[in-house]
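Structure file model39.cif (mmCIF, C-alpha atoms) follows.
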```cif
data_run
#
loop_
_atom_site.label_atom_id
_atom_site.label_comp_id
_atom_site.auth_asym_id
_atom_site.auth_seq_id
_atom_site.Cartn_x
_atom_site.Cartn_y
_atom_site.Cartn_z
CA MET A 1 6.22 3.11 15.56
CA ALA A 2 8.61 0.17 15.92
CA ASP A 3 12.32 0.62 15.25
CA PRO A 4 13.32 0.34 11.60
CA ILE A 5 15.45 -2.57 10.42
CA SER A 6 19.08 -1.72 11.16
CA THR A 7 21.23 -1.77 8.01
CA LYS A 8 24.67 -0.98 9.44
CA PRO A 9 27.41 -2.45 7.19
CA GLU A 10 29.05 -4.42 10.04
CA GLU A 11 25.86 -6.42 10.62
CA PHE A 12 26.00 -8.13 7.23
CA THR A 13 28.08 -11.28 7.04
CA THR A 14 27.26 -11.83 3.37
CA VAL A 15 27.59 -8.99 0.86
CA ILE A 16 26.94 -9.14 -2.86
CA GLY A 17 29.04 -6.20 -4.04
CA PRO A 18 27.97 -3.49 -6.47
CA ASP A 19 29.88 -5.01 -9.40
CA ALA A 20 28.80 -8.60 -8.68
CA GLN A 21 26.11 -10.68 -10.38
CA PHE A 22 24.82 -13.78 -8.65
CA LYS A 23 22.49 -16.41 -10.07
CA GLY A 24 21.26 -19.27 -7.94
CA GLU A 25 19.95 -20.30 -4.59
CA LEU A 26 21.21 -18.73 -1.38
CA THR A 27 20.38 -20.49 1.89
CA PHE A 28 22.09 -19.39 5.08
CA GLN A 29 21.66 -18.08 8.60
CA GLY A 30 22.49 -14.45 9.06
CA ALA A 31 22.14 -11.24 7.13
CA VAL A 32 22.78 -10.52 3.47
CA ARG A 33 23.24 -7.19 1.78
CA VAL A 34 22.68 -6.95 -1.97
CA ASP A 35 24.47 -4.03 -3.61
CA GLY A 36 24.75 -5.73 -7.01
CA GLN A 37 22.45 -8.04 -8.98
CA PHE A 38 20.92 -11.24 -7.70
CA GLU A 39 18.70 -13.71 -9.51
CA GLY A 40 17.25 -16.84 -7.93
CA SER A 41 16.05 -17.41 -4.40
CA ILE A 42 17.13 -16.39 -0.91
CA GLN A 43 16.22 -18.23 2.25
CA THR A 44 17.38 -17.08 5.66
CA THR A 45 16.13 -16.57 9.18
CA GLY A 46 18.04 -13.29 9.33
CA LYS A 47 17.61 -10.12 7.36
CA VAL A 48 17.92 -9.26 3.69
CA PHE A 49 18.83 -5.73 2.66
CA VAL A 50 18.77 -4.55 -0.95
CA SER A 51 20.64 -1.26 -1.13
CA LYS A 52 19.89 1.62 -3.49
CA GLY A 53 21.87 0.26 -6.43
CA GLY A 54 20.88 -3.36 -5.79
CA LYS A 55 18.67 -5.37 -8.13
CA LEU A 56 16.94 -8.52 -7.02
CA LYS A 57 14.96 -10.94 -9.15
CA ALA A 58 14.18 -13.54 -6.59
CA GLU A 59 11.85 -15.35 -4.26
CA VAL A 60 12.86 -14.24 -0.77
CA LYS A 61 12.02 -15.92 2.53
CA ALA A 62 13.63 -14.15 5.46
CA GLY A 63 13.24 -12.91 9.00
CA SER A 64 13.01 -9.34 7.84
CA VAL A 65 13.55 -7.52 4.55
CA ALA A 66 14.58 -3.91 3.92
CA LEU A 67 14.55 -2.49 0.40
CA GLU A 68 16.09 0.59 -1.13
CA GLY A 69 16.68 -0.87 -4.59
CA GLN A 70 14.68 -2.73 -7.23
CA VAL A 71 13.04 -6.07 -6.56
CA ASP A 72 11.08 -8.34 -8.88
CA GLY A 73 9.74 -11.26 -6.90
CA ASN A 74 7.80 -12.38 -3.88
CA LEU A 75 8.86 -11.54 -0.34
CA THR A 76 7.93 -13.55 2.73
CA ALA A 77 9.11 -12.32 6.12
CA ASP A 78 8.54 -13.65 9.64
CA ASP A 79 8.72 -10.14 11.03
CA ARG A 80 8.72 -7.06 8.84
CA VAL A 81 9.23 -5.75 5.33
CA GLU A 82 10.40 -2.17 4.85
CA LEU A 83 10.13 -0.35 1.54
CA ARG A 84 12.24 2.79 1.81
CA ALA A 85 11.85 5.93 -0.29
CA THR A 86 13.85 4.68 -3.29
CA ALA A 87 12.49 1.11 -3.26
CA GLN A 88 10.72 -0.37 -6.26
CA LEU A 89 8.95 -3.67 -5.67
CA ARG A 90 7.03 -5.77 -8.16
CA GLY A 91 5.77 -8.85 -6.42
CA ASP A 92 3.80 -10.16 -3.50
CA VAL A 93 4.49 -9.47 0.15
CA ARG A 94 3.58 -11.71 3.06
CA ALA A 95 4.72 -10.46 6.46
CA ALA A 96 3.67 -9.61 9.98
CA LYS A 97 4.46 -5.92 9.47
CA LEU A 98 4.93 -3.72 6.43
CA LEU A 99 6.34 -0.22 6.20
CA VAL A 100 6.10 1.71 2.95
CA VAL A 101 7.90 5.05 3.07
CA GLU A 102 6.62 7.86 0.87
CA GLY A 103 8.26 7.70 -2.55
CA ALA A 104 8.49 3.92 -2.63
CA SER A 105 6.76 2.06 -5.42
CA PHE A 106 4.99 -1.25 -4.80
CA VAL A 107 2.80 -3.21 -7.19
CA GLY A 108 1.62 -6.64 -6.16
CA ARG A 109 -0.41 -8.61 -3.70
CA CYS A 110 -0.06 -8.08 -0.01
CA GLU A 111 -0.91 -10.07 3.11
CA VAL A 112 0.06 -8.28 6.29
CA GLY A 113 -1.03 -8.79 9.88
CA PRO A 114 0.05 -10.06 13.28
CA ASN A 115 -1.03 -13.61 12.39
CA ILE A 116 0.46 -13.51 8.92
CA GLY A 117 4.09 -14.24 8.20
CA ALA A 118 6.33 -16.99 7.00
CA ALA A 119 5.41 -19.15 10.00
CA ALA A 120 1.66 -18.94 9.41
CA PRO A 121 0.26 -21.71 7.21
CA ARG A 122 -0.75 -20.60 3.75
CA PRO A 123 -4.15 -21.89 2.64
CA ALA A 124 -4.36 -23.88 -0.57
CA ASP A 125 -6.24 -21.10 -2.39
CA GLY A 126 -3.54 -18.60 -1.50
CA VAL A 127 -5.85 -16.37 0.57
CA ALA A 128 -5.40 -16.31 4.32
CA ARG A 129 -8.68 -17.05 6.10
CA PRO A 130 -9.09 -15.98 9.73
CA ALA A 131 -9.54 -18.94 12.08
CA ASN A 132 -12.84 -17.69 13.52
CA VAL A 133 -14.60 -17.30 10.17
CA PRO A 134 -16.74 -20.30 9.26
CA VAL A 135 -16.28 -21.76 5.83
CA ALA A 136 -19.34 -21.40 3.62
CA VAL A 137 -20.86 -24.72 2.58
CA ALA A 138 -22.96 -24.94 -0.56
CA ARG A 139 -26.30 -26.74 -0.12
CA HIS A 140 -27.90 -28.49 -3.05
CA MET B 1 -13.38 32.67 0.00
CA ALA B 2 -10.66 30.02 0.19
CA VAL B 3 -10.55 27.84 -2.89
CA ARG B 4 -9.23 24.30 -2.92
CA HIS B 5 -8.10 22.41 -6.00
CA THR B 6 -9.23 18.83 -6.26
CA LEU B 7 -10.39 16.24 -8.80
CA CYS B 8 -13.89 15.11 -9.62
CA THR B 9 -14.40 11.66 -8.12
CA GLN B 10 -16.27 10.60 -11.26
CA CYS B 11 -14.37 12.02 -14.26
CA ASP B 12 -11.00 12.88 -12.60
CA LEU B 13 -10.93 16.37 -14.08
CA THR B 14 -9.93 19.37 -11.99
CA LEU B 15 -12.38 21.15 -9.74
CA ASP B 16 -11.90 24.40 -7.84
CA VAL B 17 -14.13 24.22 -4.81
CA ASP B 18 -14.75 26.39 -1.81
CA GLU B 19 -13.07 25.04 1.33
CA THR B 20 -16.41 24.99 3.14
CA ALA B 21 -18.47 23.44 0.34
CA LYS B 22 -20.03 20.10 1.23
CA SER B 23 -20.72 19.15 -2.37
CA VAL B 24 -20.55 20.66 -5.84
CA ASN B 25 -21.70 19.87 -9.33
CA CYS B 26 -18.79 18.88 -11.54
CA ARG B 27 -18.55 21.39 -14.38
CA HIS B 28 -17.17 18.69 -16.69
CA CYS B 29 -19.46 15.69 -16.15
CA ASN B 30 -22.28 17.38 -14.23
CA THR B 31 -22.18 14.76 -11.48
CA ARG B 32 -22.78 15.66 -7.84
CA VAL B 33 -19.42 15.44 -6.10
CA ILE B 34 -19.09 15.31 -2.32
CA THR B 35 -16.32 17.66 -1.23
CA GLU B 36 -16.54 17.54 2.55
CA ALA B 37 -14.11 15.69 4.77
CA MET B 38 -15.69 12.46 5.98
CA VAL B 39 -15.42 10.72 9.30
CA VAL B 40 -17.08 7.32 9.18
CA ALA B 41 -17.98 5.87 12.56
CA GLU B 42 -20.76 3.49 11.61
CA TYR B 43 -21.65 0.61 9.33
CA VAL B 44 -21.72 1.59 5.68
CA ALA B 45 -22.44 -0.84 2.86
CA VAL B 46 -22.75 0.79 -0.54
CA ARG B 47 -21.31 0.18 -3.96
CA ARG B 48 -19.20 3.32 -4.09
CA PHE B 49 -18.23 5.71 -1.33
CA ALA B 50 -16.33 8.75 -2.56
CA THR B 51 -15.31 12.22 -1.49
CA ALA B 52 -13.03 14.79 -3.05
CA ASN B 53 -11.54 15.38 0.37
CA ARG B 54 -10.10 13.40 3.29
CA MET B 55 -11.83 10.30 4.59
CA ARG B 56 -11.29 8.69 7.96
CA ILE B 57 -12.83 5.38 8.93
CA THR B 58 -12.72 5.33 12.71
CA LYS B 59 -12.34 2.29 14.97
CA LYS B 60 -16.11 1.92 15.06
CA GLY B 61 -16.43 2.32 11.31
CA ILE B 62 -17.22 -0.72 9.16
CA VAL B 63 -17.23 0.01 5.45
CA TYR B 64 -18.12 -2.41 2.69
CA ALA B 65 -17.62 -0.32 -0.42
CA SER B 66 -15.26 0.84 -3.10
CA VAL B 67 -13.73 3.91 -1.51
CA ARG B 68 -12.20 6.91 -3.16
CA ALA B 69 -10.75 9.94 -1.34
CA ASP B 70 -8.01 12.54 -1.56
CA ALA B 71 -6.43 11.03 1.56
CA LEU B 72 -7.64 7.95 3.39
CA GLU B 73 -7.13 6.83 6.96
CA VAL B 74 -8.48 3.50 8.18
CA GLU B 75 -8.73 2.64 11.86
CA GLY B 76 -11.69 0.26 11.56
CA VAL B 77 -12.83 -2.25 8.97
CA LEU B 78 -12.72 -1.70 5.24
CA GLN B 79 -13.68 -4.33 2.74
CA GLY B 80 -13.47 -3.14 -0.83
CA ASP B 81 -11.11 -1.43 -3.21
CA ALA B 82 -9.67 1.90 -2.15
CA VAL B 83 -8.14 4.70 -4.18
CA SER B 84 -6.45 7.70 -2.63
CA LEU B 85 -4.87 10.53 -4.62
CA THR B 86 -2.25 11.06 -1.93
CA SER B 87 -1.84 8.61 0.93
CA ILE B 88 -3.52 5.67 2.59
CA ARG B 89 -2.86 5.21 6.28
CA ILE B 90 -3.84 1.95 7.91
CA THR B 91 -3.53 2.08 11.67
CA LYS B 92 -2.82 -0.78 14.07
CA THR B 93 -6.51 -1.39 14.82
CA ALA B 94 -7.52 -1.61 11.16
CA ASN B 95 -8.62 -4.64 9.18
CA VAL B 96 -8.55 -4.07 5.44
CA LYS B 97 -9.41 -6.46 2.63
CA GLY B 98 -9.31 -5.22 -0.96
CA SER B 99 -7.02 -3.62 -3.47
CA LEU B 100 -5.33 -0.34 -2.67
CA ARG B 101 -4.04 2.31 -5.06
CA ALA B 102 -2.33 5.46 -3.82
CA ALA B 103 0.81 7.58 -4.01
CA SER B 104 1.95 6.36 -0.61
CA LEU B 105 0.94 3.77 1.95
CA SER B 106 1.51 3.69 5.67
CA LEU B 107 0.74 0.49 7.51
CA GLU B 108 1.20 0.53 11.26
CA PRO B 109 2.48 -2.62 12.95
CA GLY B 110 -0.52 -4.61 14.11
CA ALA B 111 -2.70 -3.70 11.15
CA THR B 112 -4.19 -6.50 9.09
CA PHE B 113 -4.32 -6.12 5.34
CA VAL B 114 -4.95 -8.65 2.61
CA GLY B 115 -5.20 -7.57 -1.00
CA ASP B 116 -3.49 -6.16 -4.05
CA VAL B 117 -1.55 -2.94 -3.89
CA ALA B 118 -0.38 -0.38 -6.41
CA ILE B 119 1.60 2.20 -4.49
CA GLY B 120 3.77 5.00 -5.84
CA PRO B 121 3.41 8.37 -7.52
CA ALA B 122 3.18 6.61 -10.91
CA GLN B 123 0.17 4.61 -9.75
CA VAL B 124 -2.01 7.73 -9.50
CA PRO B 125 -1.87 9.01 -13.08
CA GLU B 126 -5.02 11.12 -12.66
CA VAL B 127 -3.09 13.56 -10.43
CA ALA B 128 -0.28 13.99 -12.98
CA ALA B 129 -2.83 14.38 -15.80
CA ALA B 130 -4.69 17.06 -13.84
CA LEU B 131 -1.44 18.91 -13.13
CA ASP B 132 -0.49 18.75 -16.83
CA ALA B 133 -3.90 20.03 -17.86
CA ALA B 134 -3.68 22.88 -15.35
CA ALA B 135 -0.20 23.78 -16.63
CA ALA B 136 -1.42 23.73 -20.24
CA ARG B 137 -4.33 25.98 -19.34
CA GLY B 138 -1.94 28.36 -17.57
CA ALA B 139 0.36 28.48 -20.59
CA SER B 140 -2.47 29.18 -23.03
CA ARG B 141 -3.67 32.20 -21.01
#
```
Can you present the structure in this file as structure tokens?
Amino acid sequence: MADPISTKPEEFTTVIGPDAQFKGELTFQGAVRVDGQFEGSIQTTGKVFVSKGGKLKAEVKAGSVALEGQVDGNLTADDRVELRATAQLRGDVRAAKLLVVEGASFVGRCEVGPNIGAAAPRPADGVARPANVPVAVARH
Amino acid sequence: MAVRHTLCTQCDLTLDVDETAKSVNCRHCNTRVITEAMVVAEYVAVRRFATANRMRITKKGIVYASVRADALEVEGVLQGDAVSLTSIRITKTANVKGSLRAASLSLEPGATFVGDVAIGPAQVPEVAAALDAAAARGASR
């Protein structure tokens, strides 16, 4: 099993504290840790960590995402998404790797695989189609 | 005789079955319930594929069906909805398409999965209902 996403406090350049509420769009390069409440969207090439008390209502596009708190929204990660034991996720996940630890709750749609991630193009119908599968053509 | 507690795959009511039994008749709905552990290593295309025990779809296994098991492990191909009362484990060689419902999910890096998920102890209410019913029966005795 690959190493879990490191969530050491010193690795996070941006921290939304436990008593903070943030509404809006967050675009940056680096890692963010959400201990409080966040509503909006997050876009980063680094990692996003929602700690146990953290609440996120957002569309997240990141390198990797680790959850211990509550999230309502869609997650897209280039690398991996980790749902730890206390995590509660309502939303869709699109990532190369997904880890769901026992006790975590996850309701939503999921697209996971080596060729799936933020970098992979998303088809117009929202369903990833493998490249080697021919598209059915209706004959009249 | 070792007895195992499980749920009927049809009506979700409790069954006490012998560990070695391959199938039993449900005493609630009178349906034939498969109770043996399954290892699937071939092509299977049916509407419903269920066991009141563990199910493992090996690397060579290709299953097109709605699957239901006490615990499910997929190493091969599964296309269809899957329900597990405990856990679903999708290994790195697996390719799964369909909706999953279970108490816990383990997806190894390298696995491919596309579909809806409902994961968590609250997503398997039949287990809690069976436990409640068993507790109520115990209290009334």
request  = Take the point (-22.1, 14.8, -5.4) as written in the file and pick out every residue within 12 Å of it, counting all atoms listed in the file; give the list as a PyMOL selection string.
outcome  = chain B and resi 8-10+21-27+29-36+48-52
ask   = Once you count all atoms listed in the file, which residues of chain B turn out to be within 12 Å of chain A? Could you give them as number ranges by chain?
value = B: 86-124
key: Explicit residues for the PyMOL selection byres ((chain A and resi 39) around 8) (as a list of chain:residue names)   =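 Selected by the PyMOL selection byres ((chain A and resi 39) around 8) in this file: A:Phe22, A:Lys23, A:Gly24, A:Gln37, A:Phe38, A:Gly40, A:Ser41, A:Leu56, A:Lys57, A:Ala58.
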The PyMOL selection byres ((chain A and resi 14) around 7) resolved against shown file, as a VMD selection string = chain A and resid 12 to 13 15 to 16 31 to 33
Take the residues from that selection and write them out as an mmCIF file, in the coordinates of the input, keeping C-alpha atoms.
```cif
data_model
loop_
_atom_site.group_PDB
_atom_site.id
_atom_site.type_symbol
_atom_site.label_atom_id
_atom_site.label_comp_id
_atom_site.auth_asym_id
_atom_site.auth_seq_id
_atom_site.Cartn_x
_atom_site.Cartn_y
_atom_site.Cartn_z
ATOM 1 C CA PHE A 12 26.000 -8.130 7.230
ATOM 2 C CA THR A 13 28.080 -11.280 7.040
ATOM 3 C CA VAL A 15 27.590 -8.990 0.860
ATOM 4 C CA ILE A 16 26.940 -9.140 -2.860
ATOM 5 C CA ALA A 31 22.140 -11.240 7.130
ATOM 6 C CA VAL A 32 22.780 -10.520 3.470
ATOM 7 C CA ARG A 33 23.240 -7.190 1.780
#
```
task = Pull out every residue that the PyMOL selection byres ((chain A and resi 29) around 12) matches in the shown coordinates and put them as a ChimeraX atom specification.
result = /A:12-14,26-28,30-32,42-48,61-63
Given the selection you just returned, output its residues as a file containing C-alpha atoms, formatted as a compact mmCIF listing (two decimals), in the coordinates of the input.
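What landed in out26.txt:
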```txt
# COMPACT_ATOMS: atom_id res chain seq x y z
CA PHE A 12 26.00 -8.13 7.23
CA THR A 13 28.08 -11.28 7.04
CA THR A 14 27.26 -11.83 3.37
CA LEU A 26 21.21 -18.73 -1.38
CA THR A 27 20.38 -20.49 1.89
CA PHE A 28 22.09 -19.39 5.08
CA GLY A 30 22.49 -14.45 9.06
CA ALA A 31 22.14 -11.24 7.13
CA VAL A 32 22.78 -10.52 3.47
CA ILE A 42 17.13 -16.39 -0.91
CA GLN A 43 16.22 -18.23 2.25
CA THR A 44 17.38 -17.08 5.66
CA THR A 45 16.13 -16.57 9.18
CA GLY A 46 18.04 -13.29 9.33
CA LYS A 47 17.61 -10.12 7.36
CA VAL A 48 17.92 -9.26 3.69
CA LYS A 61 12.02 -15.92 2.53
CA ALA A 62 13.63 -14.15 5.46
CA GLY A 63 13.24 -12.91 9.00
```
What are the centre and the three edge lengths of an axis-aligned box that wraps all atoms of range 111-121 of chain B in the file, given that 5 Å is added to every side, written as lines of an AutoDock Vina configuration file and rounded to one decimal in Å?
```
center_x = -0.7
center_y = -0.1
center_z = 1.8
size_x = 19.0
size_y = 27.0
size_z = 28.7
```
key: All residues 9 Å or closer to Val63 in chain B, only C-alpha atoms, same chain fewer than 4 positions away omitted, as a VMD selection string   = chain B and resid 40 42 to 46 49 57 67 76 to 80
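Minimum atom-to-atom distance to Val71 in chain A, evaluated using all atoms listed in the file, belongs to A:Lys55 out of A:Leu83, A:Glu25, A:Val34, A:Lys55.
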ask   = Which is closer to His28 in chain B than all the others in B:Leu7, B:Ala41, B:Met55, B:Ala65, using all atoms listed in the file?
value =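 For His28 in chain B, the nearest of the candidates is B:Leu7.
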